[in-house]
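Containing PDB, C-alpha atoms: target30.pdb.
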MODEL        1
ATOM      1  CA  MET A   1     -11.170   1.187  -8.478
ATOM      2  CA  LYS A   2     -13.277   1.913  -5.449
ATOM      3  CA  ILE A   3     -14.115  -1.041  -3.240
ATOM      4  CA  GLU A   4     -17.844  -0.588  -3.876
ATOM      5  CA  GLU A   5     -17.261  -1.054  -7.616
ATOM      6  CA  LEU A   6     -15.404  -4.285  -6.936
ATOM      7  CA  LEU A   7     -18.199  -5.547  -4.682
ATOM      8  CA  LYS A   8     -21.057  -4.576  -7.021
ATOM      9  CA  SER A   9     -22.008  -8.217  -7.716
ATOM     10  CA  ILE A  10     -22.016  -9.102  -3.989
ATOM     11  CA  ASP A  11     -24.862  -8.686  -1.496
ATOM     12  CA  TYR A  12     -23.348  -6.195   0.964
ATOM     13  CA  LYS A  13     -24.170  -3.286   3.234
ATOM     14  CA  VAL A  14     -21.796  -0.661   4.672
ATOM     15  CA  ILE A  15     -22.078  -0.921   8.463
ATOM     16  CA  ASP A  16     -19.510   1.677   9.507
ATOM     17  CA  GLU A  17     -16.805   3.780   7.912
ATOM     18  CA  ASP A  18     -14.208   6.383   8.661
ATOM     19  CA  ASP A  19     -11.315   7.932   6.770
ATOM     20  CA  ASP A  20      -9.167   4.807   6.954
ATOM     21  CA  PHE A  21     -11.610   1.865   7.096
ATOM     22  CA  LYS A  22     -14.993   0.468   6.117
ATOM     23  CA  ILE A  23     -16.921  -2.379   7.664
ATOM     24  CA  PHE A  24     -19.178  -4.288   5.314
ATOM     25  CA  LYS A  25     -21.819  -6.860   6.148
ATOM     26  CA  ILE A  26     -21.577  -9.508   3.449
ATOM     27  CA  ALA A  27     -24.795 -11.420   2.653
ATOM     28  CA  ALA A  28     -26.002 -10.636   6.207
ATOM     29  CA  LYS A  29     -23.678 -13.460   7.365
ATOM     30  CA  ARG A  30     -20.189 -11.994   7.818
ATOM     31  CA  HIS A  31     -18.510  -8.700   8.642
ATOM     32  CA  MET A  32     -15.561  -7.669   6.519
ATOM     33  CA  LEU A  33     -13.155  -4.942   7.580
ATOM     34  CA  TYR A  34     -11.655  -3.129   4.602
ATOM     35  CA  LEU A  35      -8.402  -1.190   5.018
ATOM     36  CA  GLU A  36      -6.775   0.700   2.163
ATOM     37  CA  ARG A  37      -3.134   1.860   2.301
ATOM     38  CA  LYS A  38      -0.545   3.308  -0.078
ATOM     39  CA  ASP A  39       1.796   0.398   0.706
ATOM     40  CA  ASN A  40       1.627  -3.079   2.243
ATOM     41  CA  VAL A  41       2.080  -1.986   5.861
ATOM     42  CA  PHE A  42      -1.250  -2.537   7.583
ATOM     43  CA  SER A  43      -2.146  -1.875  11.202
ATOM     44  CA  LEU A  44      -5.271  -2.490  13.216
ATOM     45  CA  GLU A  45      -6.512  -0.540  16.212
ATOM     46  CA  ARG A  46      -7.640  -2.407  19.293
ATOM     47  CA  ASP A  47     -11.085  -0.792  19.503
ATOM     48  CA  LEU A  48     -11.868  -1.602  15.874
ATOM     49  CA  PHE A  49     -10.788  -5.204  16.367
ATOM     50  CA  ASP A  50     -12.807  -5.451  19.594
ATOM     51  CA  TYR A  51     -15.886  -4.254  17.724
ATOM     52  CA  LEU A  52     -15.496  -7.045  15.156
ATOM     53  CA  ASP A  53     -14.518  -9.718  17.641
ATOM     54  CA  ASN A  54     -17.352  -8.963  20.071
ATOM     55  CA  ASN A  55     -20.018  -9.028  17.383
ATOM     56  CA  LYS A  56     -22.073 -12.190  16.732
ATOM     57  CA  LEU A  57     -21.037 -12.537  13.089
ATOM     58  CA  PRO A  58     -17.785 -14.122  11.894
ATOM     59  CA  TYR A  59     -15.418 -11.644  10.297
ATOM     60  CA  SER A  60     -12.717 -11.179   7.685
ATOM     61  CA  LEU A  61     -10.104  -8.620   6.767
ATOM     62  CA  LEU A  62      -9.714  -7.266   3.239
ATOM     63  CA  LEU A  63      -6.603  -5.159   2.850
ATOM     64  CA  HIS A  64      -5.733  -3.189  -0.273
ATOM     65  CA  ASP A  65      -2.226  -1.997  -1.175
ATOM     66  CA  LYS A  66      -3.088   0.846  -3.572
ATOM     67  CA  SER A  67       0.490   1.329  -4.762
ATOM     68  CA  LYS A  68       0.607  -2.177  -6.292
ATOM     69  CA  ASN A  69      -3.170  -2.747  -6.529
ATOM     70  CA  LYS A  70      -2.863  -5.934  -4.486
ATOM     71  CA  TYR A  71      -5.506  -7.365  -2.184
ATOM     72  CA  TYR A  72      -5.025  -9.529   0.896
ATOM     73  CA  TYR A  73      -7.914 -11.466   2.423
ATOM     74  CA  LEU A  74      -8.049 -13.259   5.771
ATOM     75  CA  ASP A  75     -10.926 -15.065   7.467
ATOM     76  CA  LEU A  76     -10.572 -14.921  11.246
ATOM     77  CA  SER A  77     -12.137 -17.256  13.759
ATOM     78  CA  LYS A  78     -14.224 -15.751  16.540
ATOM     79  CA  GLY A  79     -12.615 -15.297  19.936
ATOM     80  CA  ILE A  80      -9.329 -17.121  19.484
ATOM     81  CA  ASN A  81      -7.108 -15.989  16.626
ATOM     82  CA  TRP A  82      -3.635 -14.573  16.162
ATOM     83  CA  ILE A  83      -4.791 -10.943  16.313
ATOM     84  CA  ARG A  84      -6.629 -11.526  19.606
ATOM     85  CA  SER A  85      -3.477 -13.225  20.943
ATOM     86  CA  CYS A  86      -1.365 -10.203  19.960
ATOM     87  CA  PHE A  87      -3.673  -7.775  21.748
ATOM     88  CA  ASN A  88      -3.945 -10.048  24.798
ATOM     89  CA  THR A  89      -0.164 -10.155  25.244
ATOM     90  CA  CYS A  90       0.523  -6.419  24.930
ATOM     91  CA  ALA A  91      -0.860  -3.104  26.090
ATOM     92  CA  LYS A  92      -0.665  -1.497  22.646
ATOM     93  CA  ASP A  93      -3.693   0.195  21.136
ATOM     94  CA  GLN A  94      -2.557  -0.760  17.629
ATOM     95  CA  ILE A  95      -0.735  -3.711  16.059
ATOM     96  CA  TYR A  96       0.898  -4.226  12.685
ATOM     97  CA  LEU A  97      -0.480  -7.167  10.772
ATOM     98  CA  GLY A  98       2.781  -8.212   9.072
ATOM     99  CA  LYS A  99       3.542 -11.531   7.376
ATOM    100  CA  GLN A 100       0.184 -13.117   8.110
ATOM    101  CA  VAL A 101      -1.327 -10.553   5.742
ATOM    102  CA  LEU A 102       1.310 -10.775   3.031
ATOM    103  CA  ASN A 103       0.882 -14.556   2.899
ATOM    104  CA  ASN A 104      -2.803 -14.128   1.991
ATOM    105  CA  LEU A 105      -2.646 -12.406  -1.396
ATOM    106  CA  ILE A 106      -5.849 -12.766  -3.439
ATOM    107  CA  ASP A 107      -6.774 -11.513  -6.892
ATOM    108  CA  GLU A 108     -10.027  -9.677  -7.555
ATOM    109  CA  LYS A 109     -11.713 -12.604  -9.318
ATOM    110  CA  ALA A 110     -10.911 -15.083  -6.537
ATOM    111  CA  LEU A 111     -12.048 -12.535  -3.933
ATOM    112  CA  ILE A 112     -15.449 -12.096  -5.574
ATOM    113  CA  GLU A 113     -15.877 -15.867  -5.937
ATOM    114  CA  LYS A 114     -15.037 -16.331  -2.254
ATOM    115  CA  LEU A 115     -17.444 -13.621  -1.130
ATOM    116  CA  LYS A 116     -20.270 -14.998  -3.288
ATOM    117  CA  LYS A 117     -19.980 -18.300  -1.402
ATOM    118  CA  ILE A 118     -20.687 -16.674   1.951
TER     119      ILE A 118
ENDMDL
END

Show the structure stored in the file as structure tokens.
Amino acid sequence: MKIEELLKSIDYKVIDEDDDFKIFKIAAKRHMLYLERKDNVFSLERDLFDYLDNNKLPYSLLLHDKSKNKYYYLDLSKGINWIRSCFNTCAKDQIYLGKQVLNNLIDEKALIEKLKKI
């Protein structure tokens, strides 16, 4: 299922996209970065994170493991969060998201309910 089909009952707009990501504006109140992979190993590039973190809106990550059709959803606080801390303590242009992601499994129904409340 394409992400747009899943989000069809949500008020959203695609803000930016490339081959490996999409940024949605949900209900004009929150940005959501969507990453889709063939496994559960997710990484985030510094410039993409900086774009989200430097924007006025709060933001979330929605990650999709296509091989198992599993979704992971994380709300991140502006400015100070574990991803910002990772980038601040290293010179890498990309970090792996690891256990923090895998501990935030969400099913499609719960995801839609959460997004409708935004």

- Item | Residues within 9 Å of (-23.4, -9.0, 0.4), file coords, all atoms listed in the file, listed as a VMD selection string | chain A and resid 7 to 13 24 to 30 115 to 116 118

- Picked residues, the PyMOL selection byres ((chain A and resi 55) around 12), as number ranges by chain: A: 25, 29-32, 48-54, 56-59, 77-79

Mind writing the picked residues with C-alpha atoms as a JSON list (two decimals), in the frame of the given file?
[["chain", "number", "residue", "atom", "x", "y", "z"],
["A", 25, "LYS", "CA", -21.82, -6.86, 6.15],
["A", 29, "LYS", "CA", -23.68, -13.46, 7.36],
["A", 30, "ARG", "CA", -20.19, -11.99, 7.82],
["A", 31, "HIS", "CA", -18.51, -8.70, 8.64],
["A", 32, "MET", "CA", -15.56, -7.67, 6.52],
["A", 48, "LEU", "CA", -11.87, -1.60, 15.87],
["A", 49, "PHE", "CA", -10.79, -5.20, 16.37],
["A", 50, "ASP", "CA", -12.81, -5.45, 19.59],
["A", 51, "TYR", "CA", -15.89, -4.25, 17.72],
["A", 52, "LEU", "CA", -15.50, -7.04, 15.16],
["A", 53, "ASP", "CA", -14.52, -9.72, 17.64],
["A", 54, "ASN", "CA", -17.35, -8.96, 20.07],
["A", 56, "LYS", "CA", -22.07, -12.19, 16.73],
["A", 57, "LEU", "CA", -21.04, -12.54, 13.09],
["A", 58, "PRO", "CA", -17.78, -14.12, 11.89],
["A", 59, "TYR", "CA", -15.42, -11.64, 10.30],
["A", 77, "SER", "CA", -12.14, -17.26, 13.76],
["A", 78, "LYS", "CA", -14.22, -15.75, 16.54],
["A", 79, "GLY", "CA", -12.62, -15.30, 19.94]]

Check which residues of segment 4-48 of chain A sit at most 10 Å from segment 96-104 of chain A using all atoms listed in the file, and return one row each with the closest pair of atoms and their distance in Å to one decimal, ordered by chain and rising number, as a Markdown table.
| residue | atom | partner | partner_atom | distance |
| --- | --- | --- | --- | --- |
| A:Asn40 | CA | A:Leu102 | CA | 7.7 |
| A:Val41 | CA | A:Gly98 | CA | 7.0 |
| A:Phe42 | CA | A:Leu97 | CA | 5.7 |
| A:Ser43 | CA | A:Tyr96 | CA | 4.1 |
| A:Leu44 | CA | A:Tyr96 | CA | 6.4 |
| A:Glu45 | CA | A:Tyr96 | CA | 9.0 |

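As for atom CA of Ser60 of chain A and atom CA of Tyr73 of chain A, they are spaced 7.1 Å apart.
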
So that all listed atoms of segment 70-89 of chain A fit with 6 Å spare on each side, what axis-aligned box centre and edge lengths in Å, to one decimal, would you give as AutoDock Vina command-line options?
--center_x -7.2 --center_y -11.6 --center_z 10.4 --size_x 26.1 --size_y 23.3 --size_z 41.7

- Message: Report, in Å to a single decimal, how far apart atom CA of Lys38 of chain A and atom CA of Phe87 of chain A are.
- Response: 24.7 Å

- Query: Rounded to one decimal in Å, what is the spacing between atom CA of Lys92 of chain A and atom CA of Arg46 of chain A?
  - Reply: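 Value for the atom CA of Lys92 of chain A-atom CA of Arg46 of chain A distance: 7.8 Å.
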
Using all atoms listed in the file, which protein or nucleic acid residues come within 9 Å of Leu6 of chain A? Drop anything in the same chain fewer than 4 positions from it, and give the result as a PDB file with C-alpha atoms, keeping the file's coordinate frame.
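Output saved as around28.pdb:
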ATOM      1  CA  MET A   1     -11.170   1.187  -8.478  1.00  0.00           C
ATOM      2  CA  LYS A   2     -13.277   1.913  -5.449  1.00  0.00           C
ATOM      3  CA  ILE A  10     -22.016  -9.102  -3.989  1.00  0.00           C
ATOM      4  CA  GLU A 108     -10.027  -9.677  -7.555  1.00  0.00           C
ATOM      5  CA  ILE A 112     -15.449 -12.096  -5.574  1.00  0.00           C
TER       6      ILE A 112
END

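Minimum atom-to-atom distances from A:Val14, A:Lys114, A:Cys90, A:Leu33 to Leu76 of chain A were compared using all atoms listed in the file, and the lowest value belongs to A:Leu33.
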
Could you please fill out segment 4-26 of chain A with N, CA, C and O atoms and send it back as a tab-separated table (two decimals), in the frame of the given file?
chain	number	residue	atom	x	y	z
A	4	GLU	N	-16.44	-0.36	-3.55
A	4	GLU	CA	-17.84	-0.59	-3.88
A	4	GLU	C	-18.03	-1.07	-5.32
A	4	GLU	O	-18.91	-1.88	-5.59
A	5	GLU	N	-17.20	-0.59	-6.23
A	5	GLU	CA	-17.26	-1.05	-7.62
A	5	GLU	C	-16.85	-2.51	-7.71
A	5	GLU	O	-17.45	-3.29	-8.45
A	6	LEU	N	-15.85	-2.90	-6.95
A	6	LEU	CA	-15.40	-4.28	-6.94
A	6	LEU	C	-16.49	-5.20	-6.37
A	6	LEU	O	-16.69	-6.31	-6.86
A	7	LEU	N	-17.20	-4.73	-5.37
A	7	LEU	CA	-18.20	-5.55	-4.68
A	7	LEU	C	-19.59	-5.48	-5.32
A	7	LEU	O	-20.54	-6.04	-4.78
A	8	LYS	N	-19.72	-4.83	-6.46
A	8	LYS	CA	-21.06	-4.58	-7.02
A	8	LYS	C	-21.88	-5.84	-7.28
A	8	LYS	O	-23.11	-5.78	-7.25
A	9	SER	N	-21.26	-6.98	-7.48
A	9	SER	CA	-22.01	-8.22	-7.72
A	9	SER	C	-22.25	-9.02	-6.43
A	9	SER	O	-22.76	-10.13	-6.48
A	10	ILE	N	-21.89	-8.44	-5.30
A	10	ILE	CA	-22.02	-9.10	-3.99
A	10	ILE	C	-23.15	-8.44	-3.20
A	10	ILE	O	-23.33	-7.23	-3.26
A	11	ASP	N	-23.86	-9.22	-2.42
A	11	ASP	CA	-24.86	-8.69	-1.50
A	11	ASP	C	-24.12	-8.13	-0.28
A	11	ASP	O	-23.57	-8.89	0.52
A	12	TYR	N	-24.06	-6.81	-0.16
A	12	TYR	CA	-23.35	-6.20	0.96
A	12	TYR	C	-24.06	-4.94	1.44
A	12	TYR	O	-24.89	-4.36	0.74
A	13	LYS	N	-23.69	-4.52	2.64
A	13	LYS	CA	-24.17	-3.29	3.23
A	13	LYS	C	-23.01	-2.66	4.00
A	13	LYS	O	-22.27	-3.37	4.68
A	14	VAL	N	-22.82	-1.36	3.90
A	14	VAL	CA	-21.80	-0.66	4.67
A	14	VAL	C	-22.35	-0.45	6.08
A	14	VAL	O	-23.39	0.17	6.26
A	15	ILE	N	-21.66	-1.01	7.06
A	15	ILE	CA	-22.08	-0.92	8.46
A	15	ILE	C	-21.48	0.30	9.15
A	15	ILE	O	-22.14	0.98	9.92
A	16	ASP	N	-20.21	0.56	8.88
A	16	ASP	CA	-19.51	1.68	9.51
A	16	ASP	C	-18.36	2.08	8.60
A	16	ASP	O	-17.85	1.25	7.83
A	17	GLU	N	-17.96	3.33	8.68
A	17	GLU	CA	-16.80	3.78	7.91
A	17	GLU	C	-16.22	5.03	8.53
A	17	GLU	O	-16.88	5.75	9.26
A	18	ASP	N	-14.95	5.21	8.23
A	18	ASP	CA	-14.21	6.38	8.66
A	18	ASP	C	-13.21	6.67	7.56
A	18	ASP	O	-13.23	6.02	6.51
A	19	ASP	N	-12.29	7.58	7.80
A	19	ASP	CA	-11.32	7.93	6.77
A	19	ASP	C	-10.44	6.76	6.35
A	19	ASP	O	-10.04	6.68	5.20
A	20	ASP	N	-10.13	5.85	7.27
A	20	ASP	CA	-9.17	4.81	6.95
A	20	ASP	C	-9.73	3.38	6.98
A	20	ASP	O	-8.98	2.42	6.87
A	21	PHE	N	-11.04	3.21	7.12
A	21	PHE	CA	-11.61	1.86	7.10
A	21	PHE	C	-13.08	1.89	6.71
A	21	PHE	O	-13.74	2.93	6.76
A	22	LYS	N	-13.56	0.71	6.33
A	22	LYS	CA	-14.99	0.47	6.12
A	22	LYS	C	-15.29	-0.91	6.66
A	22	LYS	O	-14.47	-1.82	6.55
A	23	ILE	N	-16.46	-1.06	7.24
A	23	ILE	CA	-16.92	-2.38	7.66
A	23	ILE	C	-18.15	-2.70	6.84
A	23	ILE	O	-19.12	-1.93	6.83
A	24	PHE	N	-18.08	-3.81	6.14
A	24	PHE	CA	-19.18	-4.29	5.31
A	24	PHE	C	-19.83	-5.49	5.98
A	24	PHE	O	-19.15	-6.30	6.61
A	25	LYS	N	-21.13	-5.62	5.79
A	25	LYS	CA	-21.82	-6.86	6.15
A	25	LYS	C	-22.08	-7.57	4.83
A	25	LYS	O	-22.78	-7.06	3.95
A	26	ILE	N	-21.48	-8.75	4.69
A	26	ILE	CA	-21.58	-9.51	3.45
A	26	ILE	C	-22.70	-10.54	3.59
A	26	ILE	O	-22.64	-11.39	4.50
